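The next block is run.cif, given as mmCIF, C-alpha atoms.
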```cif
data_structure
#
loop_
_atom_site.group_PDB
_atom_site.id
_atom_site.type_symbol
_atom_site.label_atom_id
_atom_site.label_comp_id
_atom_site.auth_asym_id
_atom_site.auth_seq_id
_atom_site.Cartn_x
_atom_site.Cartn_y
_atom_site.Cartn_z
ATOM 1 C CA MET A 485 -36.768 -10.566 -2.481
ATOM 2 C CA GLY A 486 -34.960 -11.654 0.696
ATOM 3 C CA GLN A 487 -31.954 -12.833 -1.279
ATOM 4 C CA MET A 488 -31.726 -9.477 -3.084
ATOM 5 C CA GLN A 489 -31.686 -7.604 0.237
ATOM 6 C CA THR A 490 -29.039 -9.972 1.504
ATOM 7 C CA LEU A 491 -26.898 -9.405 -1.567
ATOM 8 C CA VAL A 492 -27.212 -5.619 -1.315
ATOM 9 C CA LEU A 493 -26.387 -5.633 2.409
ATOM 10 C CA PHE A 494 -23.438 -7.968 1.894
ATOM 11 C CA SER A 495 -21.970 -5.871 -0.970
ATOM 12 C CA THR A 496 -22.424 -2.671 1.071
ATOM 13 C CA LEU A 497 -20.598 -4.190 4.034
ATOM 14 C CA LEU A 498 -17.821 -5.425 1.752
ATOM 15 C CA THR A 499 -17.374 -1.943 0.298
ATOM 16 C CA LEU A 500 -17.249 -0.350 3.742
ATOM 17 C CA CYS A 501 -14.723 -2.865 5.075
ATOM 18 C CA VAL A 502 -12.437 -2.664 2.054
ATOM 19 C CA SER A 503 -12.444 1.125 1.947
ATOM 20 C CA GLU A 504 -11.873 1.487 5.706
ATOM 21 C CA GLY A 505 -8.817 3.626 6.424
ATOM 22 C CA ASP A 506 -7.058 5.744 3.832
ATOM 23 C CA PRO A 507 -3.475 4.922 2.988
ATOM 24 C CA GLU A 508 -0.809 7.504 3.778
ATOM 25 C CA VAL A 509 1.949 8.348 1.328
ATOM 26 C CA TRP A 510 5.340 9.383 2.699
ATOM 27 C CA VAL A 511 8.201 11.165 0.901
ATOM 28 C CA GLN A 512 11.800 11.535 1.993
ATOM 29 C CA VAL A 513 14.444 13.525 0.059
ATOM 30 C CA GLN A 514 18.101 12.952 0.927
ATOM 31 C CA MET A 515 21.110 14.764 -0.460
ATOM 32 C CA GLU A 516 24.275 12.692 -0.560
ATOM 33 C CA ALA A 517 26.919 14.049 1.788
ATOM 34 C CA THR A 518 29.833 13.394 -0.555
ATOM 35 C CA ASN A 519 28.236 14.724 -3.735
ATOM 36 C CA LEU A 520 25.985 17.796 -3.480
ATOM 37 C CA SER A 521 24.698 17.337 -7.029
ATOM 38 C CA SER A 522 23.332 13.850 -6.304
ATOM 39 C CA PHE A 523 20.341 13.039 -4.132
ATOM 40 C CA SER A 524 17.612 10.452 -3.669
ATOM 41 C CA VAL A 525 13.849 10.597 -3.398
ATOM 42 C CA HIS A 526 12.333 7.757 -1.375
ATOM 43 C CA CYS A 527 8.580 7.357 -1.112
ATOM 44 C CA GLY A 528 6.046 4.744 -0.169
ATOM 45 C CA VAL A 529 2.527 4.064 0.990
ATOM 46 C CA LEU A 530 1.447 2.822 4.417
ATOM 47 C CA GLY A 531 -1.345 0.304 4.761
ATOM 48 C CA TYR A 532 -2.484 -2.709 2.830
ATOM 49 C CA ASN A 533 -2.955 -1.678 -0.790
ATOM 50 C CA ILE A 534 -2.545 -3.109 -4.244
ATOM 51 C CA ILE A 535 -0.254 -0.652 -6.031
ATOM 52 C CA SER A 536 -0.887 -0.329 -9.736
ATOM 53 C CA LEU A 537 1.345 2.657 -10.594
ATOM 54 C CA VAL A 538 3.822 5.065 -8.996
ATOM 55 C CA THR A 539 4.806 8.418 -10.536
ATOM 56 C CA VAL A 540 7.710 10.426 -9.097
ATOM 57 C CA SER A 541 7.896 14.045 -10.257
ATOM 58 C CA CYS A 542 9.311 17.429 -9.318
ATOM 59 C CA GLU A 543 7.881 20.933 -9.534
ATOM 60 C CA GLY A 544 9.764 24.209 -9.759
ATOM 61 C CA PHE A 545 12.890 22.620 -11.228
ATOM 62 C CA VAL A 546 14.421 25.316 -13.489
ATOM 63 C CA ASP A 547 10.937 26.892 -13.836
ATOM 64 C CA THR A 548 9.671 24.103 -16.080
ATOM 65 C CA GLY A 549 6.551 23.321 -14.092
ATOM 66 C CA ARG A 550 5.931 19.662 -13.319
ATOM 67 C CA THR A 551 8.624 17.279 -14.574
ATOM 68 C CA ILE A 552 8.038 13.531 -14.443
ATOM 69 C CA LEU A 553 11.212 11.796 -13.279
ATOM 70 C CA ALA A 554 10.091 8.155 -13.208
ATOM 71 C CA VAL A 555 7.057 5.928 -13.612
ATOM 72 C CA LEU A 556 7.140 2.535 -11.906
ATOM 73 C CA HIS A 557 4.691 -0.281 -12.578
ATOM 74 C CA PRO A 558 4.827 -3.553 -10.596
ATOM 75 C CA GLU A 559 4.426 -5.732 -13.713
ATOM 76 C CA HIS A 560 5.460 -3.592 -16.691
ATOM 77 C CA GLY A 561 8.701 -2.246 -15.256
ATOM 78 C CA THR A 562 10.216 1.183 -14.807
ATOM 79 C CA GLN A 563 10.738 4.164 -17.073
ATOM 80 C CA GLN A 564 12.846 7.149 -16.057
ATOM 81 C CA TRP A 565 13.839 10.487 -17.562
ATOM 82 C CA ALA A 566 16.751 12.864 -16.929
ATOM 83 C CA PRO A 567 17.908 13.922 -14.398
ATOM 84 C CA ALA A 568 16.812 10.609 -12.852
ATOM 85 C CA ARG A 569 19.749 8.215 -12.908
ATOM 86 C CA GLN A 570 18.151 5.172 -11.292
ATOM 87 C CA ALA A 571 14.599 4.266 -10.257
ATOM 88 C CA HIS A 572 13.652 1.019 -8.542
ATOM 89 C CA TRP A 573 11.300 -0.646 -6.062
ATOM 90 C CA GLU A 574 12.785 -0.793 -2.546
ATOM 91 C CA THR A 575 9.949 -2.874 -1.085
ATOM 92 C CA PRO A 576 6.540 -3.896 -2.467
ATOM 93 C CA SER A 577 5.173 -0.595 -1.122
ATOM 94 C CA SER A 578 8.075 1.862 -1.597
ATOM 95 C CA VAL A 579 10.282 3.194 -4.394
ATOM 96 C CA SER A 580 13.547 5.087 -4.728
ATOM 97 C CA VAL A 581 14.711 7.487 -7.454
ATOM 98 C CA THR A 582 18.316 8.711 -7.560
ATOM 99 C CA LEU A 583 18.987 12.014 -9.356
ATOM 100 C CA THR A 584 22.234 13.536 -10.542
ATOM 101 C CA MET A 585 22.627 17.021 -11.988
ATOM 102 C CA GLU A 586 25.414 19.407 -12.870
ATOM 103 C CA GLN A 587 26.962 21.107 -9.839
ATOM 104 C CA SER A 588 26.135 24.607 -11.139
ATOM 105 C CA LYS A 589 22.464 23.755 -11.784
ATOM 106 C CA ALA A 590 22.086 21.893 -8.522
ATOM 107 C CA ARG A 591 22.584 24.893 -6.245
ATOM 108 C CA SER A 592 20.452 27.373 -8.164
ATOM 109 C CA SER A 593 17.542 25.175 -9.219
ATOM 110 C CA LEU A 594 16.948 23.074 -6.108
ATOM 111 C CA ALA A 595 16.065 25.962 -3.801
ATOM 112 C CA ASN A 596 12.397 25.985 -4.860
ATOM 113 C CA THR A 597 12.026 22.379 -6.021
ATOM 114 C CA THR A 598 9.300 20.154 -4.608
ATOM 115 C CA PHE A 599 9.347 16.394 -5.162
ATOM 116 C CA CYS A 600 6.043 14.540 -5.405
ATOM 117 C CA CYS A 601 5.111 10.868 -5.365
ATOM 118 C CA GLU A 602 1.748 9.696 -6.624
ATOM 119 C CA PHE A 603 0.600 6.176 -5.788
ATOM 120 C CA VAL A 604 -2.356 4.713 -7.639
ATOM 121 C CA THR A 605 -3.728 1.958 -5.402
ATOM 122 C CA PHE A 606 -6.726 -0.320 -5.291
ATOM 123 C CA PRO A 607 -9.285 0.288 -3.846
ATOM 124 C CA HIS A 608 -8.340 3.795 -2.677
ATOM 125 C CA GLY A 609 -7.392 5.442 -5.979
ATOM 126 C CA SER A 610 -4.689 8.073 -6.292
ATOM 127 C CA ARG A 611 -2.743 9.440 -3.309
ATOM 128 C CA VAL A 612 -0.055 12.148 -3.579
ATOM 129 C CA ALA A 613 2.538 13.486 -1.152
ATOM 130 C CA CYS A 614 5.163 16.168 -1.800
ATOM 131 C CA ARG A 615 8.294 17.351 -0.035
ATOM 132 C CA ASP A 616 10.934 20.058 -0.492
ATOM 133 C CA LEU A 617 14.614 19.207 -0.438
ATOM 134 C CA HIS A 618 15.419 21.783 2.262
ATOM 135 C CA ARG A 619 12.219 21.500 4.316
ATOM 136 C CA SER A 620 12.835 21.973 8.011
ATOM 137 C CA ASP A 621 9.763 20.229 9.461
ATOM 138 C CA PRO A 622 9.958 16.437 9.745
ATOM 139 C CA GLY A 623 6.641 15.767 7.993
ATOM 140 C CA LEU A 624 5.638 12.181 7.325
ATOM 141 C CA SER A 625 8.981 10.448 6.931
ATOM 142 C CA ALA A 626 9.918 6.900 6.058
ATOM 143 C CA PRO A 627 8.139 4.381 8.275
ATOM 144 C CA THR A 628 9.933 2.375 10.906
ATOM 145 C CA PRO A 629 9.654 -1.439 10.792
ATOM 146 C CA ALA A 630 7.239 -1.272 13.743
ATOM 147 C CA LEU A 631 4.953 1.142 11.881
ATOM 148 C CA SER A 632 4.988 -1.071 8.778
ATOM 149 C CA LEU A 633 4.168 -4.106 10.927
ATOM 150 C CA GLN A 634 1.338 -2.187 12.572
ATOM 151 C CA ALA A 635 -0.129 -1.251 9.172
ATOM 152 C CA ASP A 636 0.113 -4.890 8.028
ATOM 153 C CA LEU A 637 -1.585 -6.115 11.209
ATOM 154 C CA VAL A 638 -4.409 -3.610 10.799
ATOM 155 C CA GLY A 639 -4.991 -4.929 7.281
ATOM 156 C CA ILE A 640 -4.932 -8.554 8.420
ATOM 157 C CA LEU A 641 -7.225 -7.938 11.394
ATOM 158 C CA GLY A 642 -9.637 -5.890 9.297
ATOM 159 C CA THR A 643 -9.870 -8.604 6.656
ATOM 160 C CA SER A 644 -10.227 -11.335 9.274
ATOM 161 C CA GLY A 645 -12.938 -9.377 11.061
ATOM 162 C CA PHE A 646 -14.809 -8.902 7.818
ATOM 163 C CA PHE A 647 -14.733 -12.611 7.010
ATOM 164 C CA LEU A 648 -15.808 -13.516 10.550
ATOM 165 C CA PHE A 649 -18.715 -11.080 10.340
ATOM 166 C CA ALA A 650 -19.687 -12.415 6.895
ATOM 167 C CA PHE A 651 -19.588 -15.996 8.189
ATOM 168 C CA ILE A 652 -21.840 -15.153 11.154
ATOM 169 C CA PHE A 653 -24.151 -13.172 8.874
ATOM 170 C CA ILE A 654 -24.548 -16.091 6.474
ATOM 171 C CA LEU A 655 -25.135 -18.510 9.372
ATOM 172 C CA CYS A 656 -27.892 -16.248 10.713
ATOM 173 C CA LEU A 657 -29.530 -16.087 7.292
ATOM 174 C CA ARG A 658 -29.445 -19.874 6.958
ATOM 175 C CA TRP A 659 -30.910 -20.252 10.440
ATOM 176 C CA GLN A 660 -33.755 -17.852 9.577
ATOM 177 C CA GLN A 661 -34.530 -19.736 6.362
ATOM 178 C CA ARG A 662 -34.886 -23.031 8.239
ATOM 179 C CA HIS A 663 -37.217 -21.595 10.871
ATOM 180 C CA TRP A 664 -39.613 -19.808 8.500
#
```
Let's see the structure in the file written out as structure tokens.
Amino acid sequence: MGQMQTLVLFSTLLTLCVSEGDPEVWVQVQMEATNLSSFSVHCGVLGYNIISLVTVSCEGFVDTGRTILAVLHPEHGTQQWAPARQAHWETPSSVSVTLTMEQSKARSSLANTTFCCEFVTFPHGSRVACRDLHRSDPGLSAPTPALSLQADLVGILGTSGFFLFAFIFILCLRWQQRHW
């Protein structure tokens, strides 16, 4: 009976510690200065996560609804569809998709286009962020190295704290068993 309670308490604490803090997804859309029909979508996730899939899409492009531009998987590679020209991992937690379209279509169709990035992570599930090409507010932009370091440190300290707590918890249980 006591071991069952211990197991339930330990698994509950593990779940709470692992799910602490939701990851934030950021999206940045940049039009190339030299070529107005070519632009890049950069997106990533902040925090310590195991990424299992990334989908980059756009909505409102030539009134077609949602168009998937690229799907990136850490082990199974990358698949992309037109108008995506190149899709790749920038870092273990960020991706980049470069798009090229005809000059005439670029001006008319991009006015109402929203680009979205969906990250499927463990243990947090699916997280989505979207951004317009001509959005004036800064939104959540690409992280600075200091912000990435801070997110990594939070993950390391959280994991270390969990293991320290678990170690003390197990020591207390062993001590109680000897004195009963």
*Can you give me, as an NGL selection string, the residues this file yields under the PyMOL selection byres ((chain A and resi 583) around 6)?*
:A and (522-523 or 567-569 or 582 or 584)
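When CA of Ser521 (chain A) is paired with CA of Ala613 (chain A), their separation reads 23.2 Å.
Counting from CA of Pro558 (chain A), the distance to CA of Gly528 (chain A) is 13.4 Å.
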*Apply the PyMOL selection byres ((chain A and resi 571-573) around 9) to the file shown and report the selected residues as a PyMOL selection string.*
chain A and resi 553-556+558+561-564+568-570+574-583
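Coordinates place CA of Ala566 (chain A) at a distance of 9.5 Å from CA of Thr551 (chain A).
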